[in-house]
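**Student:** Mind having a look at this structure? Questions to follow.
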Amino acid sequence: MLRDVSLQIAQGECVALLGANGAGKTTLLRTMATLSRPTRGTVFAFGVDAWQERQAVRSRLGVVAHQPWLYPELTCRENLRFFGTMFQLERLEERVEATLEHVGLGARLDDAAGTLSRGLLQRLNLARAVLHEPDVLLFDEPDTGLDAAGREVLARMVDEHVRAGGSAVVTTHALDLALDLATRVVVVSAGSIVVDANRTDVTRGDVEAAIAGVGG
């Protein structure tokens with residue numbers, strides 16, 4: 001349960017959303033993604049009420065949740081083609097192949113998603129999330145199953161997105177990855193935000209203490 005959370009995400013920033021298990025990170029991210037409706041309060045995105053205009057808002061979000069939202073019987077190419085068709089993307093085949101190449105799946109275009117390892121499946125999940133060139137990335141533990149090379153792909157994707165003027169919110173238990181990616185750090189504890197600071201203003205020790213509930 002979230003408690004009086006107020007959070008604004010600016011263009012061109014990457015927010016590392018951190019906290020212990022059960023702190024409220026996933027609930028907050030799902031609310032921002034219009035996957036969970038808040039019982040109180042409002043989510044605004046791109047100048048509109050995100051819940052009332054959720055279809056328009058969702059078209060501008062790239063979401064990685066705990067569910068991969070992929071079809072195991074379809075190939076990598078077919079999975080992205082399906083989602084690209086939903087977004088009515090132009091130059092779809094070109095974008096599908098370029099995106100799969102970008103995440104290191106260029107050689108697996110026509111392999112069924114169900115035959116991929118956990119790490120490669122997560123790369124395909126990342127490709128699905130960015131195919132339509134969203135304005136905001138909302139990534140809930142996107143490094144799950146990724147090896148070192150996969151984490152490099154993830155870090156590059158987020159960095160390129162933010163440098164191009166997009167925004168990102170990333171939750172992960174990999175603190176080194178989070179702090180490397182972040183321009184801003186937000187720590188949630190018991191459903192409330194206990195730290196909200198520029199990355200340069202907090203140390204790893206500060207973040208670890210906040211996650212553990214030490215100090216205050």
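Residues are named by chain letter and number: chains run A, B, ... in the order of the structure tokens, numbers start at 1 in each chain, and ligands are numbered from 1 in the order shown.
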Running DSSP on the backbone, which parts of chain A land in strand (DSSP E or B), as number ranges by chain?

**Tutor:** A: 14-18, 44-45, 48-49, 61-64, 75, 112, 136-140, 167-171, 184-189, 192-198

**Student:** For Leu177 in chain A, which residue among A:Ala23, A:Leu18, A:Ala107, A:Val136 is the nearest when counting only C-alpha atoms?

**Tutor:**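 With only C-alpha atoms as the atom set, the closest residue is A:Leu18.
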
**Student:** Counting only C-alpha atoms, what is within 12 Å of Ala149 in chain A, bar same-chain residues fewer than 2 positions away, as a list in words?

**Tutor:** Val103, Gly104, Gly119, Leu120, Arg123, Asp143, Gly145, Leu146, Asp147, Arg151, Glu152, Val153, Leu154, Ala155 and Arg156 of chain A

**Student:** I'd like the neighbourhood of range 6-8 of chain A as a list in words, where a residue qualifies if any of its atoms comes within 10 Å (using only C-alpha atoms), though same-chain residues fewer than 6 positions away should be ignored.

**Tutor:** Leu28, Met32, Gly41, Thr42, Val43, Phe44, Ala45, Val186, Ser192, Ile193 and Asp196 of chain A

**Student:** For the residues in that selection, give me N, CA, C and O atoms as a short mmCIF file (atom, residue, chain, number, x, y, z; two decimals), in the first residue's frame.

**Tutor:**
data_model
loop_
_atom_site.label_atom_id
_atom_site.label_comp_id
_atom_site.auth_asym_id
_atom_site.auth_seq_id
_atom_site.Cartn_x
_atom_site.Cartn_y
_atom_site.Cartn_z
N LEU A 28 3.92 1.13 -6.92
CA LEU A 28 4.07 2.48 -7.47
C LEU A 28 4.30 2.44 -8.97
O LEU A 28 3.69 3.20 -9.73
N MET A 32 1.89 3.94 -11.97
CA MET A 32 2.36 4.87 -12.99
C MET A 32 2.10 4.33 -14.39
O MET A 32 1.84 5.10 -15.32
N GLY A 41 -6.12 9.54 -4.93
CA GLY A 41 -5.11 10.30 -5.64
C GLY A 41 -5.21 10.13 -7.14
O GLY A 41 -6.08 9.40 -7.65
N THR A 42 -4.34 10.80 -7.86
CA THR A 42 -4.41 10.84 -9.32
C THR A 42 -3.02 10.72 -9.90
O THR A 42 -2.05 11.20 -9.33
N VAL A 43 -2.95 10.07 -11.05
CA VAL A 43 -1.71 10.01 -11.82
C VAL A 43 -1.90 10.84 -13.08
O VAL A 43 -2.82 10.60 -13.86
N PHE A 44 -1.04 11.83 -13.25
CA PHE A 44 -1.06 12.64 -14.46
C PHE A 44 0.14 12.28 -15.31
O PHE A 44 1.26 12.13 -14.79
N ALA A 45 -0.08 12.16 -16.60
CA ALA A 45 1.02 11.88 -17.53
C ALA A 45 0.76 12.65 -18.82
O ALA A 45 -0.36 12.63 -19.35
N VAL A 186 15.28 7.48 -5.72
CA VAL A 186 14.09 7.52 -4.87
C VAL A 186 14.04 6.20 -4.11
O VAL A 186 14.09 5.13 -4.72
N SER A 192 5.99 4.67 1.58
CA SER A 192 6.26 6.11 1.56
C SER A 192 7.66 6.37 0.99
O SER A 192 8.56 5.54 1.13
N ILE A 193 7.82 7.52 0.38
CA ILE A 193 9.12 7.92 -0.13
C ILE A 193 9.94 8.50 1.02
O ILE A 193 9.52 9.45 1.68
N ASP A 196 14.51 11.17 -1.81
CA ASP A 196 14.30 11.64 -3.18
C ASP A 196 15.38 12.67 -3.44
O ASP A 196 15.28 13.81 -3.00
#

**Student:** Using Å and a single decimal, report how far CA of Gln122 in chain A sits from CA of Gly19 in chain A.

**Tutor:** 22.3 Å

**Student:** Closest to Val187 in chain A among A:Leu126, A:Leu17, A:Ala209, A:Leu2, using only C-alpha atoms?

**Tutor:** A:Leu17

**Student:** Quick one: everything within 12 Å of Val130 in chain A, counting only C-alpha atoms, minus sequence neighbours fewer than 2 positions away in the same chain. Send it as a VMD selection string.

**Tutor:** chain A and resid 59 to 64 80 83 to 84 87 95 to 96 98 to 100 102 to 103 123 to 128 132 to 139 154 157 to 158 160 to 161 166 168

**Student:** Mind listing the alpha helix (DSSP H) residues of range 57-154 of chain A, per DSSP on the backbone, as a count of residues only?

**Tutor:** 44

**Student:** Which residue is closest to Ala212 in chain A? Choose from A:Val15, A:Gly150, A:Asn21, A:Ala50 and count only C-alpha atoms.

**Tutor:**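 For Ala212 in chain A, the nearest of the given residues is A:Asn21.
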
**Student:** Near Ser167 in chain A, within 6 Å and counting only C-alpha atoms, which residues show up once chain neighbours fewer than 3 positions away are dropped, as an NGL selection string?

**Tutor:** :A and (11-14 or 136 or 162)

**Student:** Convert the current residue selection to file output with N, CA and C atoms, as an mmCIF file, in the first residue's frame.

**Tutor:**
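For reference, out_4.cif as written:
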data_model
loop_
_atom_site.group_PDB
_atom_site.id
_atom_site.type_symbol
_atom_site.label_atom_id
_atom_site.label_comp_id
_atom_site.auth_asym_id
_atom_site.auth_seq_id
_atom_site.Cartn_x
_atom_site.Cartn_y
_atom_site.Cartn_z
ATOM 1 N N GLN A 11 11.524 15.184 -17.823
ATOM 2 C CA GLN A 11 12.099 14.741 -19.089
ATOM 3 C C GLN A 11 13.614 14.681 -18.961
ATOM 4 N N GLY A 12 14.203 13.623 -19.495
ATOM 5 C CA GLY A 12 15.652 13.508 -19.517
ATOM 6 C C GLY A 12 16.270 13.027 -18.228
ATOM 7 N N GLU A 13 15.502 12.363 -17.367
ATOM 8 C CA GLU A 13 16.095 11.823 -16.146
ATOM 9 C C GLU A 13 15.781 10.343 -16.005
ATOM 10 N N CYS A 14 16.683 9.663 -15.327
ATOM 11 C CA CYS A 14 16.484 8.254 -14.993
ATOM 12 C C CYS A 14 16.387 8.141 -13.483
ATOM 13 N N VAL A 136 8.536 7.401 -22.108
ATOM 14 C CA VAL A 136 8.904 7.038 -20.738
ATOM 15 C C VAL A 136 9.056 5.530 -20.637
ATOM 16 N N VAL A 162 17.589 8.167 -22.304
ATOM 17 C CA VAL A 162 17.621 9.381 -21.485
ATOM 18 C C VAL A 162 18.399 10.485 -22.203
#

**Student:** Closest to Ala174 in chain A among A:Leu89, A:Ser189, A:Ala20, A:Phe46, using only C-alpha atoms?

**Tutor:** A:Ala20
